[in-house]
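Engineer: Just one file: model_23.pdb, with PDB, C-alpha atoms.
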ATOM      1  CA  MET W  21     -11.597   5.753  41.943
ATOM      2  CA  ALA W  22     -10.537   6.375  38.345
ATOM      3  CA  GLN W  23     -13.247   3.996  37.154
ATOM      4  CA  CYS W  24     -15.830   5.929  39.204
ATOM      5  CA  ILE W  25     -14.739   9.250  37.721
ATOM      6  CA  SER W  26     -14.649   7.717  34.251
ATOM      7  CA  GLY W  27     -18.253   6.549  34.711
ATOM      8  CA  LEU W  28     -19.310  10.015  35.846
ATOM      9  CA  VAL W  29     -17.682  11.603  32.817
ATOM     10  CA  ARG W  30     -19.417   9.151  30.439
ATOM     11  CA  ARG W  31     -22.755   9.970  32.010
ATOM     12  CA  GLY W  32     -22.184  13.731  31.748
ATOM     13  CA  LEU W  33     -21.917  14.255  35.500
ATOM     14  CA  CYS W  34     -18.481  15.870  35.370
ATOM     15  CA  VAL W  35     -17.299  18.972  33.633
ATOM     16  CA  PRO W  36     -14.514  19.050  31.044
ATOM     17  CA  GLY W  37     -11.185  18.689  32.782
ATOM     18  CA  ALA W  38     -12.542  16.248  35.345
ATOM     19  CA  ARG W  39      -9.603  14.007  34.548
ATOM     20  CA  LEU W  40      -7.583  16.202  36.878
ATOM     21  CA  LEU W  41      -9.746  14.998  39.745
ATOM     22  CA  ARG W  42      -8.308  11.494  39.514
ATOM     23  CA  SER W  43      -5.292  12.481  41.594
ATOM     24  CA  PHE W  44      -7.386  13.977  44.407
ATOM     25  CA  PRO W  45      -8.365  11.997  47.490
ATOM     26  CA  VAL W  46     -12.001  10.884  47.485
ATOM     27  CA  ALA W  47     -13.211  13.653  49.824
ATOM     28  CA  GLU W  48     -11.545  16.402  47.769
ATOM     29  CA  CYS W  49     -12.836  14.927  44.509
ATOM     30  CA  THR W  50     -16.374  14.764  45.862
ATOM     31  CA  GLN W  51     -16.143  18.301  47.230
ATOM     32  CA  ALA W  52     -14.880  19.568  43.852
ATOM     33  CA  LEU W  53     -17.741  17.848  42.021
ATOM     34  CA  VAL W  54     -20.339  19.208  44.443
ATOM     35  CA  SER W  55     -18.992  22.745  44.195
ATOM     36  CA  ARG W  56     -19.165  22.636  40.393
ATOM     37  CA  HIS W  57     -22.573  20.928  40.303
ATOM     38  CA  PRO W  58     -24.522  21.956  43.432
ATOM     39  CA  ASN W  59     -27.806  20.517  42.109
ATOM     40  CA  ARG W  60     -26.416  17.008  41.591
ATOM     41  CA  CYS W  61     -26.065  14.377  44.276
ATOM     42  CA  PHE W  62     -22.611  12.923  44.880
ATOM     43  CA  SER W  63     -21.706  10.635  47.730
ATOM     44  CA  GLY W  64     -18.352  10.768  49.420
ATOM     45  CA  THR W  65     -19.120   7.694  51.460
ATOM     46  CA  GLN W  66     -16.500   5.042  51.021
ATOM     47  CA  HIS W  67     -18.000   1.598  50.704
ATOM     48  CA  ARG W  68     -16.195  -1.389  52.091
ATOM     49  CA  LEU W  69     -15.754  -4.254  49.704
ATOM     50  CA  GLN W  70     -18.074  -7.104  50.481
ATOM     51  CA  LYS W  71     -16.750 -10.619  50.641
ATOM     52  CA  VAL W  72     -17.610 -12.385  47.416
ATOM     53  CA  PRO W  73     -19.236 -15.761  48.068
ATOM     54  CA  GLY W  74     -16.873 -18.520  47.027
ATOM     55  CA  ASP W  75     -13.854 -16.287  47.652
ATOM     56  CA  GLY W  76     -11.293 -16.646  50.390
ATOM     57  CA  GLY W  77      -9.720 -20.010  49.800
ATOM     58  CA  THR W  78     -12.743 -22.038  48.860
ATOM     59  CA  THR W  79     -12.234 -24.396  45.949
ATOM     60  CA  ASP W  80     -15.826 -24.230  44.728
ATOM     61  CA  ARG W  81     -15.517 -23.419  41.056
ATOM     62  CA  ILE W  82     -18.397 -23.243  38.615
ATOM     63  CA  THR W  83     -17.830 -24.370  35.031
ATOM     64  CA  LEU W  84     -19.403 -22.124  32.400
ATOM     65  CA  HIS W  85     -19.481 -22.394  28.629
ATOM     66  CA  PHE W  86     -19.646 -19.424  26.239
ATOM     67  CA  ILE W  87     -20.407 -19.812  22.550
ATOM     68  CA  ASN W  88     -18.791 -16.960  20.632
ATOM     69  CA  ARG W  89     -20.256 -15.134  17.619
ATOM     70  CA  ASP W  90     -18.393 -17.439  15.258
ATOM     71  CA  GLY W  91     -19.601 -20.598  17.037
ATOM     72  CA  GLU W  92     -16.368 -21.216  18.960
ATOM     73  CA  LYS W  93     -17.010 -22.638  22.445
ATOM     74  CA  PHE W  94     -15.032 -21.483  25.494
ATOM     75  CA  SER W  95     -15.201 -23.445  28.743
ATOM     76  CA  VAL W  96     -14.024 -21.637  31.867
ATOM     77  CA  THR W  97     -14.296 -21.847  35.624
ATOM     78  CA  ALA W  98     -15.610 -18.990  37.706
ATOM     79  CA  LYS W  99     -16.178 -18.038  41.324
ATOM     80  CA  GLU W 100     -19.654 -17.747  42.713
ATOM     81  CA  GLY W 101     -20.624 -14.062  42.933
ATOM     82  CA  GLU W 102     -18.671 -12.855  39.887
ATOM     83  CA  SER W 103     -20.672 -11.274  37.086
ATOM     84  CA  LEU W 104     -20.565 -13.017  33.723
ATOM     85  CA  LEU W 105     -18.852  -9.896  32.371
ATOM     86  CA  ASP W 106     -16.119 -10.307  35.009
ATOM     87  CA  VAL W 107     -15.717 -13.947  34.016
ATOM     88  CA  VAL W 108     -15.158 -13.003  30.362
ATOM     89  CA  VAL W 109     -12.683 -10.276  31.321
ATOM     90  CA  HIS W 110     -10.778 -12.263  33.968
ATOM     91  CA  GLN W 111     -10.552 -15.339  31.749
ATOM     92  CA  ASN W 112      -9.465 -13.144  28.806
ATOM     93  CA  LEU W 113     -12.020 -14.726  26.473
ATOM     94  CA  ASP W 114     -11.778 -13.646  22.855
ATOM     95  CA  ILE W 115     -15.214 -12.030  22.497
ATOM     96  CA  ASP W 116     -14.772  -8.899  20.409
ATOM     97  CA  GLY W 117     -16.296  -5.740  21.915
ATOM     98  CA  PHE W 118     -17.731  -7.518  24.963
ATOM     99  CA  GLY W 119     -18.336  -5.203  27.937
ATOM    100  CA  ALA W 120     -17.408  -1.886  26.344
ATOM    101  CA  CYS W 121     -18.842   0.159  29.240
ATOM    102  CA  GLU W 122     -17.117  -2.024  31.868
ATOM    103  CA  GLY W 123     -20.373  -2.960  33.554
ATOM    104  CA  THR W 124     -21.797   0.523  34.113
ATOM    105  CA  LEU W 125     -25.074  -0.289  32.318
ATOM    106  CA  ALA W 126     -24.277   2.217  29.571
ATOM    107  CA  CYS W 127     -24.237  -0.204  26.631
ATOM    108  CA  SER W 128     -25.463  -3.640  25.630
ATOM    109  CA  THR W 129     -22.218  -5.199  24.426
ATOM    110  CA  CYS W 130     -22.270  -7.868  27.164
ATOM    111  CA  HIS W 131     -25.596  -9.163  25.819
ATOM    112  CA  LEU W 132     -25.921 -12.930  26.308
ATOM    113  CA  ILE W 133     -28.624 -15.392  25.308
ATOM    114  CA  PHE W 134     -29.629 -18.055  27.827
ATOM    115  CA  GLU W 135     -31.493 -21.326  27.492
ATOM    116  CA  GLU W 136     -35.120 -20.974  28.638
ATOM    117  CA  ASP W 137     -34.805 -22.976  31.880
ATOM    118  CA  ALA W 138     -31.670 -21.081  32.964
ATOM    119  CA  PHE W 139     -33.253 -17.744  32.055
ATOM    120  CA  GLN W 140     -36.232 -18.493  34.337
ATOM    121  CA  LYS W 141     -33.881 -19.107  37.280
ATOM    122  CA  LEU W 142     -32.159 -15.720  36.867
ATOM    123  CA  GLY W 143     -35.033 -13.766  38.367
ATOM    124  CA  ALA W 144     -36.550 -10.412  37.491
ATOM    125  CA  ILE W 145     -34.777  -7.994  35.165
ATOM    126  CA  PRO W 146     -34.298  -4.479  36.594
ATOM    127  CA  ASP W 147     -35.709  -1.569  34.552
ATOM    128  CA  GLU W 148     -32.228  -0.158  33.895
ATOM    129  CA  GLU W 149     -31.154  -3.436  32.315
ATOM    130  CA  LEU W 150     -34.339  -3.590  30.233
ATOM    131  CA  ASP W 151     -33.562  -0.111  28.900
ATOM    132  CA  MET W 152     -30.123  -1.259  27.720
ATOM    133  CA  LEU W 153     -31.473  -4.536  26.342
ATOM    134  CA  ASP W 154     -33.780  -2.494  24.120
ATOM    135  CA  LEU W 155     -30.623  -1.323  22.327
ATOM    136  CA  ALA W 156     -29.167  -4.814  21.896
ATOM    137  CA  TYR W 157     -28.844  -6.431  18.486
ATOM    138  CA  GLY W 158     -30.233  -9.945  18.189
ATOM    139  CA  LEU W 159     -32.484  -9.542  21.232
ATOM    140  CA  THR W 160     -34.369 -12.698  22.241
ATOM    141  CA  ASP W 161     -36.906 -13.580  24.927
ATOM    142  CA  THR W 162     -34.047 -15.039  26.988
ATOM    143  CA  SER W 163     -31.524 -12.194  26.625
ATOM    144  CA  ARG W 164     -29.721 -10.680  29.602
ATOM    145  CA  LEU W 165     -26.706  -8.439  30.103
ATOM    146  CA  GLY W 166     -23.685 -10.327  31.414
ATOM    147  CA  CYS W 167     -22.727  -7.456  33.714
ATOM    148  CA  GLN W 168     -25.996  -7.944  35.604
ATOM    149  CA  VAL W 169     -25.936 -11.739  35.992
ATOM    150  CA  GLN W 170     -24.013 -13.120  38.965
ATOM    151  CA  VAL W 171     -22.525 -16.621  38.907
ATOM    152  CA  LYS W 172     -24.365 -19.021  41.210
ATOM    153  CA  LYS W 173     -23.720 -22.669  42.091
ATOM    154  CA  TRP W 174     -26.723 -23.886  40.081
ATOM    155  CA  MET W 175     -25.026 -22.507  36.936
ATOM    156  CA  ASP W 176     -22.377 -25.232  36.929
ATOM    157  CA  GLY W 177     -22.284 -26.500  33.334
ATOM    158  CA  LEU W 178     -24.370 -23.581  32.002
ATOM    159  CA  THR W 179     -23.951 -22.621  28.340
ATOM    160  CA  VAL W 180     -24.642 -19.071  27.147
ATOM    161  CA  GLN W 181     -24.603 -17.781  23.587
ATOM    162  CA  VAL W 182     -23.057 -14.484  22.496
ATOM    163  CA  PRO W 183     -25.322 -12.897  19.835
ATOM    164  CA  VAL W 184     -23.957 -12.903  16.297
ATOM    165  CA  GLU W 185     -24.253  -9.118  15.962
ATOM    166  CA  VAL W 186     -23.321  -6.398  18.436
ATOM    167  CA  SER W 187     -23.790  -2.650  18.586
ATOM    168  CA  ASP W 188     -20.410  -1.201  19.511
ATOM    169  CA  ILE W 189     -19.869   2.497  18.702
ATOM    170  CA  ARG W 190     -16.098   1.954  18.928
ATOM    171  CA  ARG W 191     -16.240  -0.249  15.834
ATOM    172  CA  GLU W 192     -18.317   2.323  13.944
ATOM    173  CA  LEU W 193     -15.893   5.115  14.887
ATOM    174  CA  GLU W 194     -12.936   3.024  13.767
ATOM    175  CA  VAL W 195     -14.549   2.364  10.365
ATOM    176  CA  GLU W 196     -15.356   6.072  10.021
ATOM    177  CA  LYS W 197     -11.784   7.038  10.948
ATOM    178  CA  GLN W 198     -10.324   4.603   8.387
ATOM    179  CA  GLY W 199     -12.675   5.987   5.720
ATOM    180  CA  LYS W 200     -11.295   9.501   6.241
ATOM    181  CA  GLN W 201      -7.680   8.397   5.763
TER     182      GLN W 201
END
Can the structure from this file be put into structure tokens for me?
Structural biologist:
Amino acid sequence: MAQCISGLVRRGLCVPGARLLRSFPVAECTQALVSRHPNRCFSGTQHRLQKVPGDGGTTDRITLHFINRDGEKFSVTAKEGESLLDVVVHQNLDIDGFGACEGTLACSTCHLIFEEDAFQKLGAIPDEELDMLDLAYGLTDTSRLGCQVQVKKWMDGLTVQVPVEVSDIRRELEVEKQGKQ
């Protein structure tokens, strides 16, 4: 719930003070948002979590390799159905600034570069992802956002490259803050 509200705040869909809504039950939170923003669409429908393929006791693990900005290679195992962003987060990989927006398609910090044959197997790129990729540093013809790519069995042994440069506003703000001190 807090992540949902946080995403709404980042996208400008909540008014200042929306942090107070985090303690409300879903129905009350939705009602409060609707009453403050009658022209916006909010859904109070609670979605049931779907079973993630490869979850629930199965031992099918997919081995993935990430090459960091400095050339360091990380090899990890993942469950089918996880996003590549989730893999990086759950495996606690040391990739600075990766996934700043937590998978809400509001940044391009989970930008990954794929080999051509793997990229072709990933399928079509949604327009929302293309919009964020336009903001990515080091964009290539085989770039995708890790938050939008789900682990599949055919990916066993796949290697993806993290671009050398990243656009992360947090880093810029930190440099600016240090400059003022």
Engineer: Given the choices W:Ser95, W:Thr160, W:Thr129, W:Gln111, which gets closest to W:Thr179 if the distance is worked out from all atoms listed in the file?
Structural biologist: W:Ser95
Engineer: Measuring atom to atom with all atoms listed in the file, identify which of W:Gly166, W:Gly199, W:Gly91, W:Pro146 is nearest to W:Asp106.
Structural biologist: W:Gly166
Engineer: Could you name the residues that touch W:Val107 at 9 Å or less, counting only C-alpha atoms, but leaving out those on the same chain fewer than 6 positions away, as a list of chain:residue names?
Structural biologist: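 Answer for this query is W:Val96, W:Thr97, W:Ala98, W:Lys99, W:Leu113, W:Val171.
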Engineer: Output the selection as a PDB file, in the coordinates of the input - C-alpha atoms for each residue.
Structural biologist:
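again_10.pdb was written with the following content:
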ATOM      1  CA  VAL W  96     -14.024 -21.637  31.867  1.00  0.00           C
ATOM      2  CA  THR W  97     -14.296 -21.847  35.624  1.00  0.00           C
ATOM      3  CA  ALA W  98     -15.610 -18.990  37.706  1.00  0.00           C
ATOM      4  CA  LYS W  99     -16.178 -18.038  41.324  1.00  0.00           C
ATOM      5  CA  LEU W 113     -12.020 -14.726  26.473  1.00  0.00           C
ATOM      6  CA  VAL W 171     -22.525 -16.621  38.907  1.00  0.00           C
TER       7      VAL W 171
END
Engineer: Determine the residue set returned by the PyMOL selection byres ((chain W and resi 109) around 12) for the present structure, and present it as a PyMOL selection string.
Structural biologist: chain W and resi 96+98+102-108+110-120+122-123+130+166-167
Engineer: Would you compute the distance between atom CA of W:Tyr157 and atom CA of W:Glu136? Give it in Å to one decimal.
Structural biologist: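 Atom CA of W:Glu136 lies at a distance of 18.8 Å from atom CA of W:Tyr157.
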Engineer: In Å, with one decimal, what is the gap from atom CA of W:Arg81 to atom CA of W:Glu149?
Structural biologist: 26.8 Å
Engineer: Atom CA of W:Asp137 and atom CA of W:Pro183, how far apart in Å?
Structural biologist: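 Distance between the two atoms: 18.3 Å.
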Engineer: I'd like the residues picked by the PyMOL selection byres ((chain W and resi 176) around 8) written out as a PDB file with C-alpha atoms, in the coordinates of the input, using the chain letters and numbers from the file.
Structural biologist:
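What follows is the written file part.pdb:
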ATOM      1  CA  ILE W  82     -18.397 -23.243  38.615  1.00  0.00           C
ATOM      2  CA  THR W  83     -17.830 -24.370  35.031  1.00  0.00           C
ATOM      3  CA  LEU W  84     -19.403 -22.124  32.400  1.00  0.00           C
ATOM      4  CA  LYS W 172     -24.365 -19.021  41.210  1.00  0.00           C
ATOM      5  CA  LYS W 173     -23.720 -22.669  42.091  1.00  0.00           C
ATOM      6  CA  TRP W 174     -26.723 -23.886  40.081  1.00  0.00           C
ATOM      7  CA  MET W 175     -25.026 -22.507  36.936  1.00  0.00           C
ATOM      8  CA  GLY W 177     -22.284 -26.500  33.334  1.00  0.00           C
ATOM      9  CA  LEU W 178     -24.370 -23.581  32.002  1.00  0.00           C
TER      10      LEU W 178
END
